[in-house]
$ cat protein-v3.cif   # mmCIF, C-alpha atoms and all ligand atoms
data_query
loop_
_atom_site.label_atom_id
_atom_site.label_comp_id
_atom_site.auth_asym_id
_atom_site.auth_seq_id
_atom_site.Cartn_x
_atom_site.Cartn_y
_atom_site.Cartn_z
CA MET H 12 76.69 140.31 184.40
CA LYS H 13 75.08 136.90 185.07
CA LEU H 14 77.51 134.09 185.90
CA VAL H 15 76.68 130.36 185.41
CA ASP H 16 78.52 127.06 184.96
CA THR H 17 76.81 126.08 181.69
CA VAL H 18 74.54 127.99 179.37
CA ILE H 19 72.37 126.23 176.77
CA ILE H 20 70.98 128.23 173.87
CA GLY H 21 67.69 127.00 172.42
CA GLY H 22 64.49 125.80 174.06
CA GLY H 23 63.63 123.10 171.55
CA ILE H 24 63.74 119.40 172.44
CA VAL H 25 67.52 119.06 171.91
CA GLY H 26 68.37 122.00 174.18
CA LEU H 27 65.88 120.90 176.84
CA ALA H 28 67.01 117.26 176.83
CA THR H 29 70.63 118.43 177.13
CA ALA H 30 69.82 120.79 180.01
CA LEU H 31 67.97 118.01 181.85
CA ASP H 32 70.71 115.42 181.36
CA LEU H 33 73.39 117.86 182.52
CA MET H 34 71.39 118.83 185.61
CA HIS H 35 70.94 115.14 186.53
CA ARG H 36 74.62 114.36 186.06
CA GLN H 37 75.90 117.50 187.81
CA PRO H 38 73.36 118.37 190.48
CA GLY H 39 74.02 121.63 192.27
CA THR H 40 75.72 123.30 189.30
CA LYS H 41 74.25 126.41 187.70
CA VAL H 42 72.70 125.51 184.34
CA LEU H 43 70.86 128.24 182.42
CA LEU H 44 68.77 127.73 179.27
CA LEU H 45 68.05 130.73 177.02
CA GLU H 46 65.20 130.80 174.51
CA LYS H 47 64.52 133.75 172.24
CA GLU H 48 60.75 133.15 172.01
CA ASN H 49 58.31 133.78 174.86
CA HIS H 50 57.37 130.07 174.85
CA LEU H 51 59.39 126.87 174.47
CA ALA H 52 59.24 124.52 171.45
CA GLN H 53 57.85 127.09 169.01
CA HIS H 54 59.87 125.95 166.00
CA GLN H 55 60.83 122.46 164.77
CA THR H 56 59.93 120.74 168.04
CA GLY H 57 56.38 122.09 168.00
CA ARG H 58 55.83 121.78 164.26
CA ASN H 59 56.66 118.25 163.22
CA SER H 60 54.88 115.00 162.31
CA GLY H 61 54.99 113.70 165.88
CA VAL H 62 56.40 110.34 164.80
CA ILE H 63 58.57 108.22 167.09
CA HIS H 64 60.76 106.83 164.35
CA ALA H 65 62.01 103.27 164.75
CA GLY H 66 65.20 103.89 162.74
CA VAL H 67 64.45 102.14 159.43
CA TYR H 68 66.00 104.63 157.03
CA TYR H 69 69.39 105.68 158.36
CA ALA H 70 72.81 104.59 157.11
CA PRO H 71 74.05 101.69 159.27
CA GLY H 72 76.79 102.92 161.62
CA SER H 73 75.60 106.54 161.48
CA LEU H 74 74.75 108.58 164.56
CA LYS H 75 71.20 108.85 163.20
CA ALA H 76 70.83 105.05 163.10
CA ARG H 77 72.19 104.57 166.63
CA PHE H 78 70.53 107.54 168.32
CA CYS H 79 67.18 106.91 166.63
CA ARG H 80 67.01 103.30 167.82
CA GLU H 81 68.09 104.27 171.35
CA GLY H 82 65.94 107.41 171.25
CA ALA H 83 62.73 105.58 170.34
CA ALA H 84 63.10 103.51 173.52
CA ALA H 85 64.20 106.51 175.61
CA THR H 86 61.26 108.62 174.38
CA ARG H 87 58.78 105.91 175.40
CA ALA H 88 60.47 105.54 178.80
CA PHE H 89 60.39 109.32 179.37
CA CYS H 90 56.71 109.44 178.40
CA LEU H 91 55.84 106.59 180.78
CA GLU H 92 57.75 108.28 183.64
CA ASN H 93 56.07 111.61 183.00
CA GLY H 94 52.52 110.58 182.15
CA ILE H 95 52.73 111.73 178.50
CA PRO H 96 50.46 109.74 176.17
CA PHE H 97 51.93 108.04 173.11
CA GLN H 98 50.66 105.34 170.74
CA ASP H 99 52.57 102.44 169.25
CA CYS H 100 50.52 102.32 166.06
CA GLY H 101 53.28 101.00 163.78
CA LYS H 102 53.82 102.03 160.20
CA LEU H 103 53.44 100.64 156.70
CA ILE H 104 55.89 101.73 154.03
CA VAL H 105 53.95 101.03 150.87
CA ALA H 106 55.22 100.32 147.36
CA THR H 107 52.54 101.41 144.92
CA ASP H 108 54.13 100.02 141.76
CA GLU H 109 56.60 97.32 140.82
CA ALA H 110 59.34 99.87 140.08
CA GLU H 111 59.52 100.69 143.80
CA LEU H 112 60.16 97.10 144.88
CA PRO H 113 63.99 97.15 144.61
CA ARG H 114 64.08 100.31 146.77
CA MET H 115 61.70 98.71 149.24
CA GLU H 116 63.97 95.64 149.41
CA ALA H 117 66.99 97.89 150.03
CA LEU H 118 65.10 99.56 152.87
CA PHE H 119 64.28 96.17 154.36
CA ASP H 120 68.00 95.26 154.32
CA ARG H 121 68.88 98.59 155.88
CA ALA H 122 66.35 98.17 158.69
CA ARG H 123 67.76 94.69 159.39
CA ALA H 124 71.30 96.07 159.41
CA ASN H 125 70.14 98.69 161.93
CA GLY H 126 68.66 95.99 164.17
CA ILE H 127 65.10 97.26 163.65
CA ALA H 128 62.08 94.95 163.70
CA ILE H 129 60.70 94.89 160.15
CA GLU H 130 58.47 92.56 158.17
CA LYS H 131 57.73 92.20 154.44
CA LEU H 132 54.07 92.08 153.44
CA THR H 133 52.49 91.16 150.12
CA GLY H 134 50.00 93.60 148.62
CA ALA H 135 47.12 91.43 149.85
CA GLU H 136 48.56 91.31 153.39
CA ALA H 137 49.02 95.10 153.40
CA ARG H 138 45.46 95.65 152.18
CA ALA H 139 44.13 93.24 154.81
CA ARG H 140 45.70 95.48 157.47
CA GLU H 141 44.68 98.73 155.79
CA PRO H 142 41.79 98.28 153.34
CA ALA H 143 41.86 101.97 152.29
CA ILE H 144 45.46 101.72 151.09
CA ALA H 145 46.76 100.68 147.68
CA ALA H 146 49.98 98.65 147.75
CA VAL H 147 51.71 96.04 145.59
CA ALA H 148 53.87 95.22 148.64
CA ALA H 149 54.80 96.88 151.92
CA LEU H 150 57.15 96.90 154.88
CA TRP H 151 55.65 96.74 158.34
CA SER H 152 57.52 98.58 161.10
CA PRO H 153 55.82 97.70 164.40
CA ALA H 154 58.16 99.87 166.51
CA THR H 155 57.03 103.20 165.03
CA GLY H 156 54.72 105.34 167.15
CA ILE H 157 53.32 108.82 167.67
CA VAL H 158 53.63 111.42 170.42
CA ASP H 159 53.28 115.17 170.90
CA TYR H 160 56.89 116.41 171.08
CA ALA H 161 55.82 119.81 172.45
CA ALA H 162 54.39 117.91 175.44
CA VAL H 163 57.67 115.97 175.80
CA ALA H 164 59.62 119.26 175.68
CA ALA H 165 57.31 120.84 178.30
CA ALA H 166 57.86 117.88 180.65
CA MET H 167 61.64 118.14 180.16
CA ALA H 168 61.48 121.85 181.04
CA LYS H 169 59.47 121.10 184.17
CA ARG H 170 61.88 118.40 185.31
CA PHE H 171 64.86 120.66 184.59
CA ALA H 172 63.40 123.49 186.68
CA GLU H 173 62.54 121.06 189.51
CA ALA H 174 66.16 119.88 189.50
CA GLY H 175 67.36 123.48 190.01
CA GLY H 176 67.88 124.62 186.39
CA GLU H 177 66.89 128.09 185.20
CA ILE H 178 65.06 128.94 181.96
CA LEU H 179 64.89 132.49 180.60
CA LEU H 180 62.37 133.11 177.82
CA GLY H 181 62.48 136.09 175.45
CA GLU H 182 66.31 136.02 175.66
CA GLU H 183 67.75 136.11 172.18
CA VAL H 184 71.49 135.53 172.07
CA LEU H 185 72.95 138.06 169.67
CA ASP H 186 76.63 137.10 169.74
CA GLY H 187 79.51 136.48 172.09
CA ARG H 188 83.12 135.46 172.41
CA GLU H 189 85.17 132.62 173.75
CA ALA H 190 88.00 133.44 176.15
CA ALA H 191 90.59 131.32 177.93
CA SER H 192 88.31 130.55 180.87
CA GLY H 193 84.87 130.34 179.26
CA VAL H 194 82.32 132.09 177.10
CA THR H 195 80.59 135.47 177.31
CA LEU H 196 77.28 135.93 175.54
CA ARG H 197 75.40 139.11 174.74
CA THR H 198 71.61 138.86 174.67
CA LYS H 199 69.18 141.66 173.92
CA LYS H 200 68.85 142.21 177.69
CA GLN H 201 72.13 141.33 179.40
CA ALA H 202 75.61 139.78 179.32
CA ILE H 203 76.09 136.21 180.53
CA THR H 204 79.36 134.46 181.35
CA ALA H 205 79.57 130.68 181.48
CA GLY H 206 82.25 128.03 181.80
CA LYS H 207 80.69 126.13 178.88
CA ALA H 208 78.06 126.96 176.25
CA VAL H 209 75.97 124.51 174.22
CA PHE H 210 74.20 125.89 171.16
CA CYS H 211 71.02 124.02 170.15
CA ALA H 212 69.67 126.80 167.95
CA GLY H 213 68.04 124.71 165.18
CA LEU H 214 67.30 127.01 162.24
CA HIS H 215 69.98 129.46 163.48
CA ALA H 216 72.76 126.94 164.13
CA ASP H 217 75.11 128.35 161.47
CA ARG H 218 74.56 131.97 162.53
CA MET H 219 75.31 131.14 166.14
CA ALA H 220 78.55 129.39 165.14
CA CYS H 221 79.62 132.35 162.97
CA ARG H 222 78.65 134.94 165.59
CA MET H 223 80.73 133.07 168.19
CA GLY H 224 83.81 133.33 165.98
CA LEU H 225 83.79 129.86 164.35
CA SER H 226 83.98 129.26 160.60
CA PRO H 227 81.56 126.44 159.85
CA ASP H 228 81.68 124.76 156.45
CA PHE H 229 77.88 124.65 156.16
CA ARG H 230 74.85 126.89 156.16
CA ILE H 231 71.32 126.11 157.30
CA ILE H 232 68.98 126.01 154.33
CA PRO H 233 65.33 126.05 155.41
CA PHE H 234 62.91 123.54 153.86
CA ARG H 235 59.26 124.18 154.65
CA GLY H 236 57.06 121.14 155.20
CA GLU H 237 53.40 121.82 154.49
CA TYR H 238 50.62 119.65 155.88
CA PHE H 239 46.88 119.23 155.43
CA ARG H 240 44.44 117.88 157.97
CA ILE H 241 42.12 115.24 156.45
CA LEU H 242 38.43 116.03 156.74
CA ASN H 243 35.30 114.02 155.82
CA GLN H 244 36.93 110.61 156.29
CA PRO H 245 36.00 107.93 158.83
CA ALA H 246 37.86 107.85 162.15
CA ASP H 247 39.21 104.39 161.18
CA LEU H 248 40.49 105.48 157.74
CA VAL H 249 43.81 103.88 158.71
CA GLN H 250 45.05 102.24 161.92
CA THR H 251 48.75 102.75 161.25
CA LEU H 252 51.01 105.41 159.72
CA ILE H 253 51.31 105.18 155.93
CA TYR H 254 54.60 106.19 154.28
CA PRO H 255 55.62 105.96 150.63
CA VAL H 256 58.88 104.25 149.68
CA PRO H 257 61.26 107.23 149.79
CA ASP H 258 62.45 108.66 146.51
CA PRO H 259 66.27 108.44 146.42
CA GLU H 260 66.33 111.77 144.54
CA ARG H 261 64.89 113.51 147.61
CA PRO H 262 66.45 113.84 151.03
CA PHE H 263 63.18 113.66 152.97
CA LEU H 264 60.77 110.81 153.62
CA GLY H 265 57.87 111.81 151.38
CA VAL H 266 54.31 112.91 152.07
CA HIS H 267 52.86 110.49 154.59
CA LEU H 268 49.48 109.88 156.18
CA THR H 269 49.86 110.34 159.91
CA ARG H 270 47.52 109.68 162.80
CA LYS H 271 47.52 112.52 165.35
CA MET H 272 47.62 112.10 169.11
CA GLY H 273 44.51 114.25 169.53
CA GLY H 274 42.61 112.24 166.88
CA GLY H 275 42.27 112.60 163.12
CA PHE H 276 44.91 112.49 160.41
CA THR H 277 47.27 114.75 158.53
CA VAL H 278 49.10 114.30 155.26
CA GLY H 279 52.49 115.86 154.69
CA PRO H 280 55.05 117.21 154.82
CA ASN H 281 56.37 118.19 151.42
CA ALA H 282 59.80 119.88 151.30
CA VAL H 283 59.81 123.33 149.70
CA LEU H 284 62.81 125.68 149.76
CA ALA H 285 61.70 128.47 152.12
CA ALA H 286 62.47 132.17 151.70
CA LYS H 287 62.50 132.67 155.47
CA ARG H 288 63.98 130.47 158.19
CA GLU H 289 60.91 130.69 160.37
CA GLY H 290 58.61 131.20 157.38
CA TYR H 291 55.56 129.06 157.98
CA ALA H 292 53.35 130.67 155.33
CA LYS H 293 54.02 130.35 151.58
CA THR H 294 54.21 134.15 151.35
CA ASP H 295 56.77 134.59 154.16
CA ILE H 296 59.96 136.20 152.89
CA SER H 297 62.95 137.53 154.80
CA VAL H 298 65.33 139.50 152.63
CA GLY H 299 68.17 138.79 155.09
CA ASP H 300 67.51 135.04 155.25
CA LEU H 301 67.10 134.77 151.50
CA ALA H 302 70.25 136.78 150.81
CA GLU H 303 72.22 134.50 153.16
CA SER H 304 70.95 131.36 151.40
CA LEU H 305 71.67 132.80 147.93
CA ALA H 306 75.15 133.93 148.95
CA TRP H 307 76.14 130.40 149.98
CA PRO H 308 77.84 128.59 147.06
CA GLY H 309 76.48 125.29 148.39
CA PHE H 310 72.92 126.52 147.86
CA TRP H 311 73.44 126.85 144.10
CA ARG H 312 75.29 123.55 143.86
CA MET H 313 72.53 121.80 145.79
CA LEU H 314 69.88 123.39 143.57
CA GLY H 315 71.79 122.42 140.43
CA ASN H 316 71.97 118.81 141.63
CA ASN H 317 68.29 118.67 142.66
CA LEU H 318 66.48 120.91 140.20
CA ARG H 319 63.82 118.38 139.20
CA PRO H 320 62.71 117.46 142.75
CA ALA H 321 62.90 121.14 143.80
CA ILE H 322 60.51 122.14 140.99
CA SER H 323 58.21 119.21 141.70
CA GLU H 324 58.04 120.14 145.42
CA LEU H 325 57.30 123.76 144.52
CA SER H 326 54.50 122.76 142.15
CA GLY H 327 53.05 120.51 144.87
CA SER H 328 53.09 123.53 147.17
CA LEU H 329 51.40 125.85 144.67
CA SER H 330 48.83 123.36 143.36
CA ARG H 331 46.63 121.36 145.68
CA ALA H 332 45.93 118.92 142.84
CA ALA H 333 49.66 118.19 142.48
CA TYR H 334 49.98 117.69 146.25
CA LEU H 335 46.95 115.41 146.31
CA LYS H 336 48.40 113.23 143.55
CA LYS H 337 51.19 112.16 145.93
CA VAL H 338 48.63 111.08 148.53
CA GLN H 339 46.25 109.44 146.09
CA ARG H 340 49.01 107.10 144.94
CA TYR H 341 48.40 105.15 148.14
CA CYS H 342 45.00 106.42 149.34
CA GLY H 343 42.62 106.97 146.43
CA GLN H 344 39.59 107.87 148.54
CA ILE H 345 41.03 111.22 149.70
CA SER H 346 39.71 114.00 147.46
CA PRO H 347 40.51 117.74 147.11
CA GLY H 348 37.67 118.81 149.42
CA ASP H 349 39.13 116.66 152.22
CA LEU H 350 42.33 118.75 152.51
CA ASP H 351 42.32 121.49 155.13
CA PRO H 352 45.61 123.45 155.50
CA TYR H 353 47.38 122.60 158.76
CA ARG H 354 50.31 124.10 160.68
CA ALA H 355 53.53 123.93 158.61
CA GLY H 356 57.04 123.32 159.93
CA VAL H 357 60.46 124.35 158.62
CA ARG H 358 63.36 121.90 158.67
CA ALA H 359 66.84 123.16 159.53
CA GLN H 360 69.02 121.31 157.01
CA ALA H 361 72.77 121.92 156.93
CA VAL H 362 74.22 122.17 153.41
CA ARG H 363 77.96 122.08 152.81
CA ARG H 364 79.88 124.47 150.57
CA ASN H 365 80.06 121.72 147.91
CA GLY H 366 76.26 121.49 147.82
CA GLN H 367 75.95 118.24 149.76
CA LEU H 368 73.16 118.00 152.28
CA VAL H 369 74.68 116.92 155.60
CA ASP H 370 73.08 113.55 156.15
CA ASP H 371 74.07 112.71 159.71
CA PHE H 372 73.78 114.63 162.97
CA LEU H 373 76.69 117.07 163.12
CA PHE H 374 78.42 118.76 166.06
CA MET H 375 81.25 121.29 166.22
CA GLU H 376 83.39 121.88 169.29
CA SER H 377 85.91 124.34 170.63
CA ALA H 378 87.50 124.59 174.10
CA HIS H 379 84.36 125.88 175.85
CA MET H 380 81.61 125.52 173.24
CA LEU H 381 79.64 122.76 171.60
CA HIS H 382 77.42 123.63 168.63
CA VAL H 383 74.68 121.28 167.40
CA CYS H 384 75.01 122.01 163.69
CA ASN H 385 72.65 119.52 162.03
CA ALA H 386 69.78 117.94 163.94
CA PRO H 387 66.97 117.32 161.44
CA SER H 388 64.56 114.37 161.64
CA PRO H 389 64.75 112.03 163.55
CA ALA H 390 66.27 114.39 166.16
CA ALA H 391 63.00 114.70 168.08
CA THR H 392 62.92 110.90 168.51
CA ALA H 393 66.67 110.88 169.20
CA ALA H 394 66.81 113.88 171.56
CA VAL H 395 67.62 111.88 174.72
CA PRO H 396 70.69 110.06 173.28
CA ILE H 397 71.78 113.21 171.44
CA ALA H 398 71.71 114.97 174.82
CA ALA H 399 73.68 112.15 176.46
CA HIS H 400 76.28 112.38 173.68
CA ILE H 401 76.58 116.17 174.15
CA VAL H 402 76.91 115.88 177.93
CA ASP H 403 79.51 113.09 177.58
CA ARG H 404 81.54 115.43 175.41
CA LEU H 405 81.11 118.38 177.77
CA LEU H 406 82.24 116.29 180.72
CA GLY H 407 85.08 114.76 178.77
CA ALA H 408 83.57 111.25 178.91
CA ALA H 409 83.45 110.70 175.12
C1 LIG H 501 58.07 119.33 159.11
C2 LIG H 501 58.91 118.54 160.08
C3 LIG H 501 58.57 117.22 160.41
C4 LIG H 501 59.35 116.48 161.30
N1 LIG H 501 58.92 115.25 161.72
C5 LIG H 501 59.62 114.61 162.68
C6 LIG H 501 59.13 113.41 163.24
O1 LIG H 501 58.02 112.96 162.95
N2 LIG H 501 59.91 112.75 164.14
C7 LIG H 501 61.14 113.22 164.53
O2 LIG H 501 61.82 112.56 165.31
N3 LIG H 501 61.61 114.38 164.03
C8 LIG H 501 60.86 115.11 163.16
N4 LIG H 501 61.30 116.30 162.71
C9 LIG H 501 62.58 116.83 163.18
C10 LIG H 501 62.49 117.40 164.58
O3 LIG H 501 61.34 118.20 164.76
C11 LIG H 501 63.75 118.21 164.84
O4 LIG H 501 64.86 117.42 164.49
C12 LIG H 501 63.90 118.61 166.30
O5 LIG H 501 62.72 119.23 166.77
C13 LIG H 501 65.09 119.53 166.46
O6 LIG H 501 65.04 120.09 167.75
P1 LIG H 501 65.96 121.32 168.10
O7 LIG H 501 65.83 121.55 169.56
O8 LIG H 501 67.34 121.08 167.54
O9 LIG H 501 65.41 122.54 167.22
P2 LIG H 501 64.18 123.53 167.47
O10 LIG H 501 62.99 122.83 167.98
O11 LIG H 501 64.01 124.30 166.21
O12 LIG H 501 64.69 124.48 168.63
C14 LIG H 501 65.70 125.46 168.46
C15 LIG H 501 65.38 126.58 169.42
O13 LIG H 501 66.45 127.50 169.45
C16 LIG H 501 65.91 128.80 169.61
N5 LIG H 501 66.92 129.78 169.19
C17 LIG H 501 67.45 129.91 167.94
N6 LIG H 501 68.33 130.93 167.91
C18 LIG H 501 68.36 131.44 169.17
C19 LIG H 501 69.07 132.53 169.76
N7 LIG H 501 69.91 133.29 169.05
N8 LIG H 501 68.87 132.80 171.08
C20 LIG H 501 68.00 132.05 171.82
N9 LIG H 501 67.29 131.01 171.30
C21 LIG H 501 67.47 130.72 169.99
C22 LIG H 501 64.68 128.76 168.72
O14 LIG H 501 63.76 129.79 169.02
C23 LIG H 501 64.16 127.37 169.00
O15 LIG H 501 63.20 127.34 170.04
C24 LIG H 501 60.53 117.07 161.83
C25 LIG H 501 60.86 118.40 161.54
C26 LIG H 501 60.04 119.14 160.69
C27 LIG H 501 60.37 120.59 160.46
#

$ encode --input "protein-v3.cif" --output "structure tokens"
Amino acid sequence: MKLVDTVIIGGGIVGLATALDLMHRQPGTKVLLLEKENHLAQHQTGRNSGVIHAGVYYAPGSLKARFCREGAAATRAFCLENGIPFQDCGKLIVATDEAELPRMEALFDRARANGIAIEKLTGAEARAREPAIAAVAALWSPATGIVDYAAVAAAMAKRFAEAGGEILLGEEVLDGREAASGVTLRTKKQAITAGKAVFCAGLHADRMACRMGLSPDFRIIPFRGEYFRILNQPADLVQTLIYPVPDPERPFLGVHLTRKMGGGFTVGPNAVLAAKREGYAKTDISVGDLAESLAWPGFWRMLGNNLRPAISELSGSLSRAAYLKKVQRYCGQISPGDLDPYRAGVRAQAVRRNGQLVDDFLFMESAHMLHVCNAPSPAATAAVPIAAHIVDRLLGAA
């Protein structure tokens, strides 16, 4: 039986940032991080858009709004300290017809309420910045950037190990129990006892909570985000990131044109209901995962409330022409032959029993456990303040 002070489950950016923060605040204690894969950051952290979000979109007063703003600064500071490249390229949120202007205005007000630098541009001003982009008006967010979050996670792991932390790969936590003095976990290889356990299991957050004896009022519903790399276009196609004005019917930000750290561009992601939690290909199906989604009453309520967008996302996934239409609204010069399928990601989105998508970051606590239940975008940007929040709660400081 292995004995530690704190065990952290999940080697994505949230688990790693938490492990590192805890090690810094409690040097000399035994902190162990368990990851089921043989490499770190194989799921959401290694399969996202790589955007350092400024915090434009989130409800004022929410954890997302606060942690995103703080996290954007903390991510840049961590990158500078650790020699990780990032680019402050900024982003344009473009309205492509007059009907989108009221929503664009509302977004402007929200960004101001969140204390985010934001500027309104006329269509001509937007086109002067980005001649390849169609816009009747736009918002300019100068504080948006790009980074490779897998590189950030790798640097966090290195710093954690240097500070005396231990990482075990290929260690899937199966279940466990909470006792009066701490937590015992069973992995495929061994039993581990810890004073405290923090679960940062992303796509498996609900399962971990259930298998540890809690009764969460949500389930993780996986939404696959499919991307294409853009071929045959000039290296200066766009200088910034191009986002549509988000559709209020849809919970995600819309298919955007993103510069990549290594060069080139991608478009994506869409948001398709996935039949497997870690199902990165359209054909991936897990009978167990699917059965769990279908058995959750909230799944059917959510689907009932969002049937139109769900069908539209599915058709965009099955038909390249339908996908391209979304991109051509703002960048007409991209054609079907320019789209080359690129690595997909799957979002872990918590859905309540009543069918509501959990909007904010969500945590669940018991005497010796803290479960990160909902940490979708912008949790990569916000990982450092999320970690600080978790450690505050573990140490009784919050
Ligand atoms: C398509 C897409 C685009 C996105 N774009 C952005 C963006 O541009 N900017 C941004 O800020 N955010 C973005 N996000 C969100 C961001 O990637 C996630 O919020 C963030 O990576 C969550 O990190 P995590 O550590 O909670 O989860 P993950 O990275 O998924 O890590 C969870 C880890 O837990 C491990 N695990 C699970 N169960 C067990 C178990 N039983 N035992 C041991 N280990 C286990 C998994 O293997 C995994 O490594 C995007 C997400 C997606 C999917």

$ atom_distance --input "protein-v3.cif" --atom1 "CA of Thr251 (chain H)" --atom2 "CA of Ser73 (chain H)"
27.1 Å

$ residues_near_ligand --input "protein-v3.cif" --ligand "ligand LIG 501 (chain H)" --cutoff "6 Å" --atoms "all atoms listed in the file" --output "PyMOL selection string"
chain H and resi 20-26+45-48+51-56+59-64+182-185+211-215+236+280+356-358+386-392

$ closest_residue --input "protein-v3.cif" --among "H:Ile178, H:Met219, H:Leu196, H:Cys90" --to "Asp159 (chain H)" --atoms "all atoms listed in the file"
H:Cys90

$ closest_residue --input "protein-v3.cif" --among "H:Ala398, H:Ala292, H:Leu248, H:Ala216" --to "Asp228 (chain H)" --atoms "all atoms listed in the file"
H:Ala216

$ closest_residue --input "protein-v3.cif" --among "H:Met34, H:Leu74, H:Met313, H:Ala333" --to "Asp371 (chain H)" --atoms "all atoms listed in the file"
H:Leu74

$ axis_aligned_box --input "protein-v3.cif" --around "region 133-150 of chain H" --padding-each-side "5 Å" --output "JSON"
{"center_x": 49.5, "center_y": 96.6, "center_z": 151.5, "size_x": 25.4, "size_y": 20.8, "size_z": 21.9}

$ residues_around --input "protein-v3.cif" --residues "Glu141 (chain H)" --least-positions-apart "6" --cutoff "12 Å" --atoms "all atoms listed in the file" --output "list of chain:residue names"
H:Gly101, H:Lys102, H:Leu103, H:Ile104, H:Val105, H:Leu132, H:Gly134, H:Ala135, H:Ala149, H:Trp151, H:Asp247, H:Leu248, H:Val249, H:Gln250, H:Thr251, H:Leu252, H:Ile253, H:Tyr341, H:Cys342

$ closest_residue --input "protein-v3.cif" --among "H:Ala393, H:Ala205, H:Met375, H:Leu180" --to "Thr17 (chain H)" --atoms "all atoms listed in the file"
H:Ala205

$ closest_residue --input "protein-v3.cif" --among "H:Gly187, H:Pro233, H:Gly407, H:Gly72" --to "Ile296 (chain H)" --atoms "all atoms listed in the file"
H:Pro233

$ decode --input "protein-v3.cif" --residues "region 21-44 of chain H" --atoms "C-alpha atoms" --output "CSV table (one decimal), in the first residue's frame"
chain,number,residue,atom,x,y,z
H,21,GLY,CA,-5.5,13.4,-13.9
H,22,GLY,CA,-2.5,14.5,-15.8
H,23,GLY,CA,-4.2,17.2,-17.8
H,24,ILE,CA,-3.4,20.9,-17.3
H,25,VAL,CA,-5.8,21.3,-14.3
H,26,GLY,CA,-4.3,18.3,-12.4
H,27,LEU,CA,-0.7,19.4,-13.2
H,28,ALA,CA,-1.3,23.0,-12.2
H,29,THR,CA,-2.9,21.9,-8.9
H,30,ALA,CA,0.0,19.5,-8.2
H,31,LEU,CA,2.5,22.3,-8.8
H,32,ASP,CA,0.7,24.9,-6.7
H,33,LEU,CA,0.3,22.4,-3.8
H,34,MET,CA,4.0,21.4,-4.0
H,35,HIS,CA,5.1,25.1,-3.9
H,36,ARG,CA,2.8,25.9,-1.0
H,37,GLN,CA,3.6,22.8,1.0
H,38,PRO,CA,7.2,21.8,0.2
H,39,GLY,CA,8.4,18.6,1.7
H,40,THR,CA,4.9,16.9,1.7
H,41,LYS,CA,4.3,13.8,-0.4
H,42,VAL,CA,2.2,14.8,-3.5
H,43,LEU,CA,1.4,12.0,-6.0
H,44,LEU,CA,-0.2,12.6,-9.4
